[in-house]
file coords05.txt (compact mmCIF, C-alpha atoms (C1' of nucleotides))
# COMPACT_ATOMS: atom_id res chain seq x y z
CA MET M 707 -21.99 -59.79 8.12
CA GLY M 708 -24.64 -59.94 10.80
CA ALA M 709 -25.77 -57.49 13.42
CA MET M 710 -23.09 -54.99 14.28
CA GLY M 711 -22.96 -52.65 17.24
CA LYS M 712 -22.69 -48.99 16.48
CA ALA M 713 -19.90 -47.78 18.75
CA GLY M 714 -16.41 -48.33 17.42
CA THR M 715 -17.34 -51.25 15.20
CA ARG M 716 -14.92 -51.46 12.30
CA GLY M 717 -15.46 -53.56 9.25
CA ALA M 718 -11.95 -54.82 8.78
CA GLU M 719 -10.93 -57.15 11.53
CA VAL M 720 -8.16 -59.68 11.03
CA GLY M 721 -9.05 -61.84 8.08
CA ALA M 722 -12.47 -60.28 7.63
CA VAL M 723 -13.63 -58.43 4.55
CA ALA M 724 -13.95 -54.68 4.78
CA VAL M 725 -17.55 -53.58 4.81
CA THR M 726 -17.48 -49.86 5.45
CA ARG M 727 -16.29 -47.48 2.77
CA PRO M 728 -13.41 -46.12 4.87
CA ASP M 729 -12.27 -49.68 5.51
CA GLN M 730 -12.35 -50.56 1.83
CA ILE M 731 -10.17 -47.52 1.20
CA LEU M 732 -7.79 -48.45 3.99
CA ASP M 733 -7.47 -51.99 2.63
CA ILE M 734 -6.51 -50.61 -0.77
CA ALA M 735 -4.10 -48.09 0.72
CA ALA M 736 -2.42 -50.71 2.89
CA ARG M 737 -1.86 -53.04 -0.03
CA GLN M 738 -0.46 -50.28 -2.22
CA PHE M 739 1.80 -48.95 0.52
CA ARG M 740 3.01 -52.47 1.16
CA THR M 741 4.01 -53.08 -2.42
CA LYS M 742 5.03 -49.64 -3.69
CA GLY M 743 6.23 -47.74 -0.64
CA TYR M 744 4.96 -44.51 0.85
CA ALA M 745 5.99 -41.73 -1.54
CA ALA M 746 5.18 -43.79 -4.62
CA VAL M 747 1.50 -44.06 -3.71
CA SER M 748 -0.57 -40.97 -4.47
CA MET M 749 -4.09 -40.20 -3.33
CA ARG M 750 -4.97 -40.56 -6.97
CA ASP M 751 -3.67 -44.13 -7.06
CA ILE M 752 -5.78 -45.06 -4.08
CA ALA M 753 -8.86 -43.29 -5.39
CA THR M 754 -8.57 -44.95 -8.79
CA GLU M 755 -8.44 -48.43 -7.33
CA ALA M 756 -11.39 -47.54 -5.10
CA GLY M 757 -13.35 -46.49 -8.20
CA MET M 758 -13.57 -42.82 -7.39
CA ARG M 759 -11.90 -39.50 -8.12
CA THR M 760 -9.24 -38.03 -5.91
CA PRO M 761 -11.38 -35.38 -4.16
CA SER M 762 -13.89 -38.01 -3.07
CA LEU M 763 -11.22 -39.52 -0.85
CA TYR M 764 -11.18 -36.32 1.16
CA TYR M 765 -14.76 -36.92 2.16
CA HIS M 766 -13.59 -40.03 4.04
CA PHE M 767 -10.15 -38.90 5.22
CA PRO M 768 -9.18 -35.27 5.82
CA SER M 769 -5.64 -35.71 4.51
CA LYS M 770 -3.10 -38.21 3.27
CA ASP M 771 -1.44 -38.04 6.66
CA ASP M 772 -4.63 -39.12 8.37
CA LEU M 773 -5.09 -41.96 5.94
CA VAL M 774 -1.56 -43.25 6.29
CA MET M 775 -1.69 -42.99 10.07
CA ALA M 776 -4.86 -45.08 10.12
CA VAL M 777 -2.99 -47.74 8.14
CA MET M 778 0.08 -47.52 10.36
CA ASP M 779 -1.76 -47.79 13.65
CA ARG M 780 -3.90 -50.66 12.45
CA GLY M 781 -0.79 -52.45 11.26
CA ILE M 782 0.53 -52.65 14.81
CA THR M 783 -2.88 -53.32 16.32
CA VAL M 784 -3.35 -56.31 14.04
CA VAL M 785 0.00 -57.96 14.72
CA ARG M 786 -0.32 -57.33 18.43
CA ALA M 787 -3.75 -58.93 18.49
CA ALA M 788 -2.48 -61.90 16.47
CA VAL M 789 0.49 -62.48 18.75
CA MET M 790 -1.58 -62.11 21.92
CA ALA M 791 -4.25 -64.46 20.60
CA ALA M 792 -1.63 -67.07 19.73
CA LEU M 793 -0.11 -66.79 23.20
CA GLU M 794 -3.48 -67.09 24.88
CA ASP M 795 -4.13 -70.33 23.03
CA LEU M 796 -1.10 -71.88 24.73
CA PRO M 797 -1.48 -73.96 27.89
CA ALA M 798 -0.56 -72.05 31.02
CA GLU M 799 2.48 -74.27 31.58
CA ALA M 800 4.02 -73.48 28.21
CA THR M 801 7.78 -72.91 28.46
CA VAL M 802 9.52 -69.68 27.58
CA ALA M 803 10.87 -71.35 24.46
CA VAL M 804 7.42 -72.41 23.29
CA ARG M 805 5.95 -69.01 24.02
CA LEU M 806 8.75 -67.31 22.10
CA GLU M 807 8.50 -69.58 19.10
CA THR M 808 4.73 -69.12 19.03
CA ALA M 809 5.08 -65.35 19.09
CA MET M 810 7.74 -65.38 16.40
CA ARG M 811 5.62 -67.50 14.11
CA ALA M 812 2.56 -65.32 14.68
CA HIS M 813 4.58 -62.21 13.89
CA LEU M 814 6.05 -63.74 10.73
CA HIS M 815 2.62 -64.89 9.66
CA ALA M 816 1.13 -61.42 10.08
CA LEU M 817 4.05 -59.95 8.17
CA HIS M 818 4.02 -62.35 5.24
CA GLY M 819 0.50 -62.55 3.99
CA ALA M 820 -1.94 -62.30 6.86
CA SER M 821 -1.99 -58.52 7.08
CA ASP M 822 -1.27 -55.87 4.47
CA TYR M 823 -1.49 -53.40 7.33
CA THR M 824 1.37 -54.90 9.30
CA SER M 825 3.62 -55.35 6.29
CA ALA M 826 2.77 -51.83 5.12
CA ASN M 827 3.69 -50.50 8.55
CA VAL M 828 7.06 -52.21 8.60
CA ARG M 829 7.79 -51.38 5.01
CA ILE M 830 7.02 -47.64 5.08
CA PHE M 831 7.77 -46.67 8.67
CA GLY M 832 11.27 -45.56 7.74
CA GLN M 833 9.93 -43.56 4.78
CA LEU M 834 7.58 -41.36 6.77
CA PRO M 835 8.31 -37.80 7.83
CA GLU M 836 9.44 -37.71 11.41
CA ALA M 837 6.14 -36.38 12.75
CA LEU M 838 4.24 -39.36 11.39
CA ARG M 839 6.82 -41.79 12.69
CA ARG M 840 6.46 -40.30 16.13
CA ALA M 841 2.70 -40.55 15.91
CA ASN M 842 3.02 -44.31 15.46
CA MET M 843 5.39 -44.77 18.39
CA PRO M 844 2.77 -45.27 21.13
CA GLU M 845 1.38 -48.26 19.24
CA ARG M 846 4.84 -49.59 18.61
CA ARG M 847 5.86 -49.25 22.22
CA ALA M 848 2.76 -51.10 23.35
CA TYR M 849 3.69 -53.92 21.00
CA GLN M 850 7.31 -53.95 22.11
CA ALA M 851 6.06 -54.32 25.69
CA ILE M 852 4.74 -57.77 24.80
CA TRP M 853 8.18 -58.80 23.58
CA SER M 854 9.78 -57.24 26.59
CA ARG M 855 7.78 -59.57 28.82
CA LEU M 856 8.48 -62.56 26.58
CA LEU M 857 12.22 -61.93 26.46
CA ALA M 858 12.80 -60.81 30.04
CA PRO M 859 13.41 -64.39 31.26
CA THR M 860 16.18 -64.74 28.64
CA CYS M 861 17.93 -61.64 29.93
CA THR M 862 18.13 -62.09 33.69
CA ALA M 863 21.92 -61.97 33.80
CA LEU M 864 22.06 -58.56 32.09
CA PRO M 865 18.64 -56.92 32.47
CA GLU M 866 19.77 -53.61 31.00
CA ALA M 867 20.35 -55.41 27.70
CA LEU M 868 16.64 -56.19 27.38
CA PRO M 869 15.70 -53.21 25.16
CA ALA M 870 18.47 -54.05 22.72
CA ARG M 871 17.37 -57.68 22.71
CA VAL M 872 13.77 -56.70 22.00
CA ALA M 873 14.91 -54.46 19.15
CA LEU M 874 17.12 -57.19 17.77
CA VAL M 875 14.42 -59.85 17.73
CA ILE M 876 11.67 -57.67 16.28
CA GLY M 877 14.14 -56.15 13.84
CA ALA M 878 15.32 -59.55 12.67
CA LEU M 879 11.75 -60.74 12.15
CA ASN M 880 10.86 -57.58 10.23
CA ALA M 881 14.00 -57.75 8.14
CA THR M 882 12.62 -60.86 6.46
CA LEU M 883 10.27 -58.49 4.60
CA GLU M 884 13.02 -56.52 2.96
CA TRP M 885 15.84 -58.97 2.42
CA VAL M 886 13.85 -61.98 1.39
CA ASP M 887 13.00 -62.23 -2.25
CA PRO M 888 9.82 -64.34 -2.18
CA ALA M 889 10.79 -65.82 -5.53
CA ARG M 890 14.03 -67.20 -4.10
CA ILE M 891 13.20 -68.16 -0.52
CA ALA M 892 9.88 -69.67 0.58
CA LEU M 893 8.24 -68.57 3.80
CA GLU M 894 8.19 -71.82 5.75
CA PRO M 895 11.93 -72.62 5.47
CA LEU M 896 12.59 -69.02 6.36
CA ALA M 897 10.36 -69.22 9.42
CA GLU M 898 12.16 -72.41 10.50
CA GLN M 899 15.50 -70.72 10.01
CA VAL M 900 14.56 -67.51 11.80
CA THR M 901 12.84 -69.07 14.76
CA SER M 902 15.50 -71.70 15.33
CA VAL M 903 18.46 -69.33 15.07
CA LEU M 904 16.84 -66.62 17.17
CA LEU M 905 15.61 -69.10 19.75
CA ARG M 906 18.98 -70.76 20.17
CA GLY M 907 20.67 -67.39 20.28
CA VAL M 908 18.40 -66.03 22.90
CA LEU M 909 17.81 -69.03 25.14
CA SER M 910 21.32 -69.71 26.37
CA GLU M 911 20.54 -68.85 29.98
CA VAL M 912 17.14 -70.50 30.12
CA ALA M 913 16.38 -74.12 30.87
CA ALA M 914 14.50 -75.74 28.00
CA MET P 971 44.20 -31.12 -4.80
CA GLY P 972 47.41 -32.77 -5.90
CA ALA P 973 48.34 -35.03 -8.76
CA MET P 974 45.72 -37.61 -9.56
CA GLY P 975 45.86 -40.51 -11.93
CA LYS P 976 43.37 -40.30 -14.71
CA ALA P 977 41.92 -43.79 -14.91
CA GLY P 978 39.43 -44.68 -12.21
CA THR P 979 40.98 -42.65 -9.43
CA ARG P 980 38.24 -41.66 -6.99
CA GLY P 981 38.67 -39.18 -4.19
CA ALA P 982 36.44 -40.82 -1.61
CA GLU P 983 37.90 -44.03 -0.32
CA VAL P 984 36.90 -45.41 3.06
CA GLY P 985 37.61 -42.80 5.67
CA ALA P 986 39.27 -40.41 3.24
CA VAL P 987 38.08 -36.91 2.44
CA ALA P 988 36.43 -36.37 -0.92
CA VAL P 989 38.61 -34.39 -3.25
CA THR P 990 36.83 -34.42 -6.58
CA ARG P 991 33.67 -32.40 -7.07
CA PRO P 992 31.53 -35.44 -7.90
CA ASP P 993 32.76 -37.11 -4.73
CA GLN P 994 31.94 -34.07 -2.62
CA ILE P 995 28.44 -34.18 -4.07
CA LEU P 996 28.12 -37.89 -3.42
CA ASP P 997 29.22 -37.43 0.19
CA ILE P 998 26.51 -34.82 0.69
CA ALA P 999 23.90 -36.92 -1.04
CA ALA P 1000 24.76 -40.02 0.99
CA ARG P 1001 24.46 -38.18 4.27
CA GLN P 1002 21.13 -36.61 3.31
CA PHE P 1003 19.71 -39.89 2.03
CA ARG P 1004 20.85 -41.58 5.21
CA THR P 1005 19.07 -39.13 7.46
CA LYS P 1006 16.04 -38.06 5.45
CA GLY P 1007 15.23 -40.95 3.17
CA TYR P 1008 15.10 -41.09 -0.62
CA ALA P 1009 11.99 -39.17 -1.66
CA ALA P 1010 12.53 -36.46 0.95
CA VAL P 1011 15.84 -35.41 -0.60
CA SER P 1012 15.54 -33.25 -3.71
CA MET P 1013 18.24 -32.33 -6.15
CA ARG P 1014 17.80 -28.81 -4.82
CA ASP P 1015 18.61 -29.95 -1.26
CA ILE P 1016 21.83 -31.56 -2.43
CA ALA P 1017 22.79 -28.63 -4.62
CA THR P 1018 22.18 -26.13 -1.82
CA GLU P 1019 24.45 -27.95 0.60
CA ALA P 1020 27.06 -28.23 -2.14
CA GLY P 1021 26.90 -24.45 -2.60
CA MET P 1022 25.44 -24.49 -6.08
CA ARG P 1023 22.14 -24.20 -7.94
CA THR P 1024 20.15 -27.20 -9.02
CA PRO P 1025 21.08 -27.20 -12.72
CA SER P 1026 24.77 -27.26 -11.88
CA LEU P 1027 24.30 -30.72 -10.41
CA TYR P 1028 23.33 -31.95 -13.84
CA TYR P 1029 26.76 -31.10 -15.12
CA HIS P 1030 28.18 -33.76 -12.78
CA PHE P 1031 25.36 -36.32 -12.82
CA PRO P 1032 22.94 -36.76 -15.71
CA SER P 1033 19.96 -37.53 -13.46
CA LYS P 1034 18.87 -38.13 -9.90
CA ASP P 1035 18.75 -41.83 -10.69
CA ASP P 1036 22.41 -41.83 -11.67
CA LEU P 1037 23.35 -39.95 -8.55
CA VAL P 1038 21.44 -42.23 -6.23
CA MET P 1039 22.80 -45.34 -7.93
CA ALA P 1040 26.35 -44.08 -7.42
CA VAL P 1041 25.59 -43.74 -3.72
CA MET P 1042 23.93 -47.16 -3.56
CA ASP P 1043 26.71 -49.06 -5.29
CA ARG P 1044 29.41 -47.37 -3.26
CA GLY P 1045 27.50 -48.21 -0.10
CA ILE P 1046 27.92 -51.92 -0.76
CA THR P 1047 31.45 -51.57 -2.10
CA VAL P 1048 32.51 -49.84 1.10
CA VAL P 1049 31.05 -52.36 3.52
CA ARG P 1050 32.35 -55.25 1.48
CA ALA P 1051 35.85 -53.79 1.48
CA ALA P 1052 35.65 -53.16 5.24
CA VAL P 1053 34.53 -56.70 6.00
CA MET P 1054 37.10 -58.26 3.71
CA ALA P 1055 39.88 -56.14 5.16
CA ALA P 1056 38.90 -57.12 8.70
CA LEU P 1057 38.88 -60.80 7.73
CA GLU P 1058 42.26 -60.57 6.05
CA ASP P 1059 43.74 -59.14 9.23
CA LEU P 1060 42.86 -62.35 11.07
CA PRO P 1061 45.40 -65.15 11.47
CA ALA P 1062 44.87 -67.97 9.04
CA GLU P 1063 43.90 -70.34 11.87
CA ALA P 1064 41.02 -68.13 13.07
CA THR P 1065 37.94 -70.17 13.94
CA VAL P 1066 34.60 -69.85 12.21
CA ALA P 1067 33.25 -68.13 15.31
CA VAL P 1068 36.01 -65.54 15.34
CA ARG P 1069 35.68 -64.92 11.64
CA LEU P 1070 31.92 -64.46 11.99
CA GLU P 1071 32.15 -62.10 14.93
CA THR P 1072 34.80 -60.08 13.13
CA ALA P 1073 32.61 -59.75 10.05
CA MET P 1074 29.57 -58.82 12.12
CA ARG P 1075 31.44 -56.11 13.96
CA ALA P 1076 32.89 -54.71 10.75
CA HIS P 1077 29.43 -54.62 9.20
CA LEU P 1078 27.90 -52.90 12.23
CA HIS P 1079 30.76 -50.42 12.29
CA ALA P 1080 30.26 -49.51 8.64
CA LEU P 1081 26.55 -49.15 9.25
CA HIS P 1082 26.74 -47.01 12.37
CA GLY P 1083 29.08 -44.19 11.64
CA ALA P 1084 31.89 -45.34 9.40
CA SER P 1085 30.04 -44.96 6.11
CA ASP P 1086 27.15 -42.71 5.17
CA TYR P 1087 27.09 -44.65 1.92
CA THR P 1088 26.40 -48.00 3.54
CA SER P 1089 23.80 -46.66 5.93
CA ALA P 1090 22.17 -44.71 3.09
CA ASN P 1091 22.05 -47.89 1.03
CA VAL P 1092 20.36 -49.90 3.75
CA ARG P 1093 18.04 -47.10 4.69
CA ILE P 1094 16.72 -46.22 1.24
CA PHE P 1095 16.94 -49.50 -0.66
CA GLY P 1096 13.32 -50.31 0.12
CA GLN P 1097 12.22 -46.83 -0.95
CA LEU P 1098 13.61 -47.02 -4.46
CA PRO P 1099 11.59 -47.77 -7.57
CA GLU P 1100 12.01 -51.36 -8.57
CA ALA P 1101 14.33 -50.63 -11.47
CA LEU P 1102 16.84 -48.93 -9.20
CA ARG P 1103 16.61 -51.70 -6.65
CA ARG P 1104 17.39 -54.23 -9.34
CA ALA P 1105 20.33 -52.15 -10.51
CA ASN P 1106 21.91 -52.51 -7.05
CA MET P 1107 21.40 -56.25 -6.86
CA PRO P 1108 24.69 -57.32 -8.50
CA GLU P 1109 26.63 -55.45 -5.81
CA ARG P 1110 24.42 -56.88 -3.11
CA ARG P 1111 24.81 -60.41 -4.37
CA ALA P 1112 28.58 -60.05 -4.43
CA TYR P 1113 28.45 -58.96 -0.82
CA GLN P 1114 26.10 -61.76 0.16
CA ALA P 1115 28.57 -64.20 -1.35
CA ILE P 1116 31.07 -63.29 1.38
CA TRP P 1117 28.50 -64.15 4.03
CA SER P 1118 27.58 -67.31 2.20
CA ARG P 1119 31.14 -68.51 2.55
CA LEU P 1120 31.34 -67.40 6.19
CA LEU P 1121 28.09 -69.11 7.13
CA ALA P 1122 28.39 -72.28 5.06
CA PRO P 1123 30.23 -74.16 7.84
CA THR P 1124 27.31 -73.43 10.18
CA CYS P 1125 24.85 -74.93 7.77
CA THR P 1126 26.34 -78.29 6.81
CA ALA P 1127 23.37 -80.29 8.09
CA LEU P 1128 20.89 -78.40 5.92
CA PRO P 1129 22.81 -76.73 3.09
CA GLU P 1130 19.68 -75.59 1.29
CA ALA P 1131 18.93 -73.35 4.28
CA LEU P 1132 22.05 -71.30 3.64
CA PRO P 1133 20.43 -68.50 1.59
CA ALA P 1134 17.80 -67.97 4.28
CA ARG P 1135 20.51 -67.92 6.93
CA VAL P 1136 22.52 -65.35 5.00
CA ALA P 1137 19.42 -63.18 4.62
CA LEU P 1138 18.60 -63.53 8.29
CA VAL P 1139 22.05 -62.52 9.53
CA ILE P 1140 22.49 -59.58 7.18
CA GLY P 1141 18.90 -58.53 7.78
CA ALA P 1142 19.31 -58.65 11.54
CA LEU P 1143 22.48 -56.58 11.36
CA ASN P 1144 20.83 -54.02 9.09
CA ALA P 1145 17.71 -53.86 11.22
CA THR P 1146 19.76 -52.19 13.93
CA LEU P 1147 19.66 -49.07 11.76
CA GLU P 1148 15.89 -48.77 11.75
CA TRP P 1149 14.80 -50.11 15.10
CA VAL P 1150 17.51 -48.66 17.23
CA ASP P 1151 16.92 -45.17 18.52
CA PRO P 1152 20.49 -43.95 19.07
CA ALA P 1153 19.24 -41.83 21.96
CA ARG P 1154 17.96 -44.89 23.80
CA ILE P 1155 20.42 -47.65 22.95
CA ALA P 1156 24.18 -47.14 22.57
CA LEU P 1157 26.07 -48.86 19.77
CA GLU P 1158 28.51 -50.97 21.75
CA PRO P 1159 25.97 -52.76 23.97
CA LEU P 1160 23.92 -53.31 20.85
CA ALA P 1161 26.88 -54.79 19.00
CA GLU P 1162 27.55 -57.10 21.98
CA GLN P 1163 23.91 -58.13 21.99
CA VAL P 1164 23.65 -58.69 18.27
CA THR P 1165 26.89 -60.56 17.79
CA SER P 1166 26.41 -62.80 20.82
CA VAL P 1167 22.81 -63.72 20.03
CA LEU P 1168 23.47 -64.29 16.34
CA LEU P 1169 26.66 -66.20 16.99
CA ARG P 1170 25.08 -68.53 19.53
CA GLY P 1171 22.07 -68.98 17.28
CA VAL P 1172 24.14 -69.85 14.28
CA LEU P 1173 26.96 -71.89 15.75
CA SER P 1174 25.07 -74.83 17.19
CA GLU P 1175 26.57 -77.36 14.81
CA VAL P 1176 30.08 -75.99 14.86
CA ALA P 1177 32.81 -76.77 17.34
CA ALA P 1178 34.04 -73.61 19.02
C1' DG A 1270 -20.97 -39.01 -1.39
C1' DT A 1271 -19.20 -38.07 -5.61
C1' DC A 1272 -18.27 -35.07 -9.15
C1' DT A 1273 -15.65 -31.11 -12.29
C1' DA A 1274 -12.53 -27.57 -12.07
C1' DT A 1275 -8.69 -25.55 -10.26
C1' DA A 1276 -5.53 -23.55 -7.01
C1' DG A 1277 -0.79 -23.71 -5.43
C1' DG A 1278 3.46 -25.76 -4.82
C1' DG A 1279 7.55 -28.54 -5.60
C1' DA A 1280 9.72 -31.96 -8.21
C1' DG A 1281 13.18 -33.36 -12.15
C1' DA A 1282 15.08 -31.70 -16.01
C1' DT A 1283 16.57 -28.56 -20.21
C1' DA A 1284 18.11 -24.19 -22.90
C1' DG A 1285 21.36 -21.23 -23.43
C1' DA A 1286 24.18 -17.14 -21.58
C1' DC A 1287 28.52 -16.36 -19.26
C1' DG T 860 31.30 -25.27 -14.41
C1' DT T 861 27.90 -22.47 -12.89
C1' DC T 862 24.35 -19.47 -13.69
C1' DT T 863 19.11 -17.50 -14.74
C1' DA T 864 14.97 -18.64 -16.64
C1' DT T 865 11.71 -21.81 -17.72
C1' DC T 866 9.20 -26.16 -19.09
C1' DT T 867 6.43 -29.89 -17.81
C1' DC T 868 4.46 -32.84 -14.82
C1' DC T 869 2.29 -34.51 -10.75
C1' DC T 870 1.25 -33.91 -6.12
C1' DT T 871 -2.02 -32.58 -2.05
C1' DA T 872 -5.88 -30.15 -1.24
C1' DT T 873 -10.08 -26.94 -1.79
C1' DA T 874 -14.46 -24.81 -3.91
C1' DG T 875 -18.67 -25.56 -5.04
C1' DA T 876 -22.25 -27.95 -8.17
C1' DC T 877 -25.16 -32.06 -8.18
call {"tool": "encode", "arguments": {"input": "coords05.txt", "output": "structure tokens"}}
result
Amino acid sequence: MGAMGKAGTRGAEVGAVAVTRPDQILDIAARQFRTKGYAAVSMRDIATEAGMRTPSLYYHFPSKDDLVMAVMDRGITVVRAAVMAALEDLPAEATVAVRLETAMRAHLHALHGASDYTSANVRIFGQLPEALRRANMPERRAYQAIWSRLLAPTCTALPEALPARVALVIGALNATLEWVDPARIALEPLAEQVTSVLLRGVLSEVAA
Amino acid sequence: MGAMGKAGTRGAEVGAVAVTRPDQILDIAARQFRTKGYAAVSMRDIATEAGMRTPSLYYHFPSKDDLVMAVMDRGITVVRAAVMAALEDLPAEATVAVRLETAMRAHLHALHGASDYTSANVRIFGQLPEALRRANMPERRAYQAIWSRLLAPTCTALPEALPARVALVIGALNATLEWVDPARIALEPLAEQVTSVLLRGVLSEVAA
DNA sequence: GTCTATAGGGAGATAGAC
DNA sequence: GTCTATCTCCCTATAGAC
């Protein structure tokens, strides 16, 4: 971990190891939220795994709400960055189908393994009090905008159906977290399945 | 409340009004779980809406776990009955595509309005402690078996992909609950969207 | 930055009267 | 069947010493 700027530099980028204390705590919180759900994780649980007592957490985060919101927002930031990076690696002439499959695979990869933040977000979003859910909506809408642009060419005949289509695709990708028992279905066959079915379903009006 | 058989007669069938006290309580619990989530609903909340004090609930249900499991199991029972009934109303010659669309619409209908039990099940399943989730799995597997049979003809080229396909379809249908803001997307356009995309995606190897 | 001690509240659940 | 009263536990969060 070399020279780091001072303004806005965070220790935990995608795939990097957390270096600041708040980032270590967030990593722990994200992993616990991902596996146990929101209500089942207490400040005490997080503190214990971080090797400290509960009140020490409040030096780093003013409340559990603040802590969970930091996890939630980063969860979307991370998957958005991953999807955008994957898209930018494509040649400019890439077809709609290729761009869609690339985005789907990047999203699935973030969800299943690459980011505890993203999986925590998807897993606990529905468990949060309404105020916290609303606080995460700006991030979510910014991410949905990417999919809106990706899917718009598949929806030219009925443009008003685009929001539903965006919700369907993201929802189907996210649903793999909840309905897939990792012990029974491996990730790669699932990714094949999901991308091929969704692509075929969505591409009917687009030339390959 | 008129004459009731003694063995196994329940007041709350699909679309019927609850007549027994336990069923009234379950109706209330299902609706609260559906809207507020699992941890956010206390025994006191349920008791209050039922017009009683907390301890009185324990006369009807020995614990919160028992109560929530009754809601969970009925949630699957109800949607399974609805889907099977819809399929049985079809002519025997109905195509795979028609049978699939019928099942999808019946599932979406149970989820969005017809049954607080089914929507509560889908909404809170991921919020339950692992033991309770496991307790609901037999019901869920029985329901998945219906979809396994429905989807098997779409999967003849790669039969080992069938479990993933079942998970994908059910997951995509269920995801409409979480990602769809009813204020922004109406149910019928969504149902159109979901059934058409999923059908096209799934039917590539089947003759219409 | 981390600690001990504790406040203050709400949860699930039980005892026992009526 | 429903009540009042209460137990016990665990949660978030604060006060203040070190």
call {"tool": "residues_near_point", "arguments": {"input": "coords05.txt", "point": "(10.9, -49.1, -3.2)", "cutoff": "7 Å", "atoms": "all atoms listed in the file", "output": "list in words"}}
result
Lys742 and Gly743 of chain M; Phe1095, Gly1096, Gln1097, Leu1098, Pro1099 and Glu1100 of chain P
call {"tool": "write_last_selection", "arguments": {"input": "coords05.txt", "atoms": "C-alpha atoms", "output": "tab-separated table (two decimals), keeping the file's coordinate frame"}}
result
chain	number	residue	atom	x	y	z
M	742	LYS	CA	5.03	-49.64	-3.69
M	743	GLY	CA	6.23	-47.74	-0.64
P	1095	PHE	CA	16.94	-49.50	-0.66
P	1096	GLY	CA	13.32	-50.31	0.12
P	1097	GLN	CA	12.22	-46.83	-0.95
P	1098	LEU	CA	13.61	-47.02	-4.46
P	1099	PRO	CA	11.59	-47.77	-7.57
P	1100	GLU	CA	12.01	-51.36	-8.57
call {"tool": "interface_residues", "arguments": {"input": "coords05.txt", "of": "chain M", "to": "chain T", "cutoff": "10 Å", "atoms": "all atoms listed in the file", "output": "JSON, numbers by chain"}}
result
{"M": [748, 749, 750, 760, 761, 764, 768, 769, 770]}
call {"tool": "atom_distance", "arguments": {"input": "coords05.txt", "atom1": "C1' of DC1272 (chain A)", "atom2": "CA of Glu755 (chain M)"}}
result
16.7 Å
call {"tool": "interface_residues", "arguments": {"input": "coords05.txt", "of": "chain P", "to": "chain M", "cutoff": "9 Å", "atoms": "all atoms listed in the file", "output": "JSON, numbers by chain"}}
result
{"P": [1006, 1007, 1008, 1009, 1010, 1093, 1094, 1095, 1096, 1097, 1098, 1099, 1100, 1131, 1133, 1134, 1135, 1137, 1138, 1139, 1140, 1141, 1142, 1143, 1144, 1145, 1146, 1148, 1149, 1150, 1154, 1155, 1156, 1159, 1160, 1163, 1164, 1166, 1167, 1168, 1169, 1170, 1171, 1172, 1173, 1174]}
call {"tool": "write_last_selection", "arguments": {"input": "coords05.txt", "atoms": "C-alpha atoms", "output": "mmCIF file, keeping the file's coordinate frame"}}
result
data_model
loop_
_atom_site.group_PDB
_atom_site.id
_atom_site.type_symbol
_atom_site.label_atom_id
_atom_site.label_comp_id
_atom_site.auth_asym_id
_atom_site.auth_seq_id
_atom_site.Cartn_x
_atom_site.Cartn_y
_atom_site.Cartn_z
ATOM 1 C CA LYS P 1006 16.040 -38.060 5.450
ATOM 2 C CA GLY P 1007 15.230 -40.950 3.170
ATOM 3 C CA TYR P 1008 15.100 -41.090 -0.620
ATOM 4 C CA ALA P 1009 11.990 -39.170 -1.660
ATOM 5 C CA ALA P 1010 12.530 -36.460 0.950
ATOM 6 C CA ARG P 1093 18.040 -47.100 4.690
ATOM 7 C CA ILE P 1094 16.720 -46.220 1.240
ATOM 8 C CA PHE P 1095 16.940 -49.500 -0.660
ATOM 9 C CA GLY P 1096 13.320 -50.310 0.120
ATOM 10 C CA GLN P 1097 12.220 -46.830 -0.950
ATOM 11 C CA LEU P 1098 13.610 -47.020 -4.460
ATOM 12 C CA PRO P 1099 11.590 -47.770 -7.570
ATOM 13 C CA GLU P 1100 12.010 -51.360 -8.570
ATOM 14 C CA ALA P 1131 18.930 -73.350 4.280
ATOM 15 C CA PRO P 1133 20.430 -68.500 1.590
ATOM 16 C CA ALA P 1134 17.800 -67.970 4.280
ATOM 17 C CA ARG P 1135 20.510 -67.920 6.930
ATOM 18 C CA ALA P 1137 19.420 -63.180 4.620
ATOM 19 C CA LEU P 1138 18.600 -63.530 8.290
ATOM 20 C CA VAL P 1139 22.050 -62.520 9.530
ATOM 21 C CA ILE P 1140 22.490 -59.580 7.180
ATOM 22 C CA GLY P 1141 18.900 -58.530 7.780
ATOM 23 C CA ALA P 1142 19.310 -58.650 11.540
ATOM 24 C CA LEU P 1143 22.480 -56.580 11.360
ATOM 25 C CA ASN P 1144 20.830 -54.020 9.090
ATOM 26 C CA ALA P 1145 17.710 -53.860 11.220
ATOM 27 C CA THR P 1146 19.760 -52.190 13.930
ATOM 28 C CA GLU P 1148 15.890 -48.770 11.750
ATOM 29 C CA TRP P 1149 14.800 -50.110 15.100
ATOM 30 C CA VAL P 1150 17.510 -48.660 17.230
ATOM 31 C CA ARG P 1154 17.960 -44.890 23.800
ATOM 32 C CA ILE P 1155 20.420 -47.650 22.950
ATOM 33 C CA ALA P 1156 24.180 -47.140 22.570
ATOM 34 C CA PRO P 1159 25.970 -52.760 23.970
ATOM 35 C CA LEU P 1160 23.920 -53.310 20.850
ATOM 36 C CA GLN P 1163 23.910 -58.130 21.990
ATOM 37 C CA VAL P 1164 23.650 -58.690 18.270
ATOM 38 C CA SER P 1166 26.410 -62.800 20.820
ATOM 39 C CA VAL P 1167 22.810 -63.720 20.030
ATOM 40 C CA LEU P 1168 23.470 -64.290 16.340
ATOM 41 C CA LEU P 1169 26.660 -66.200 16.990
ATOM 42 C CA ARG P 1170 25.080 -68.530 19.530
ATOM 43 C CA GLY P 1171 22.070 -68.980 17.280
ATOM 44 C CA VAL P 1172 24.140 -69.850 14.280
ATOM 45 C CA LEU P 1173 26.960 -71.890 15.750
ATOM 46 C CA SER P 1174 25.070 -74.830 17.190
#
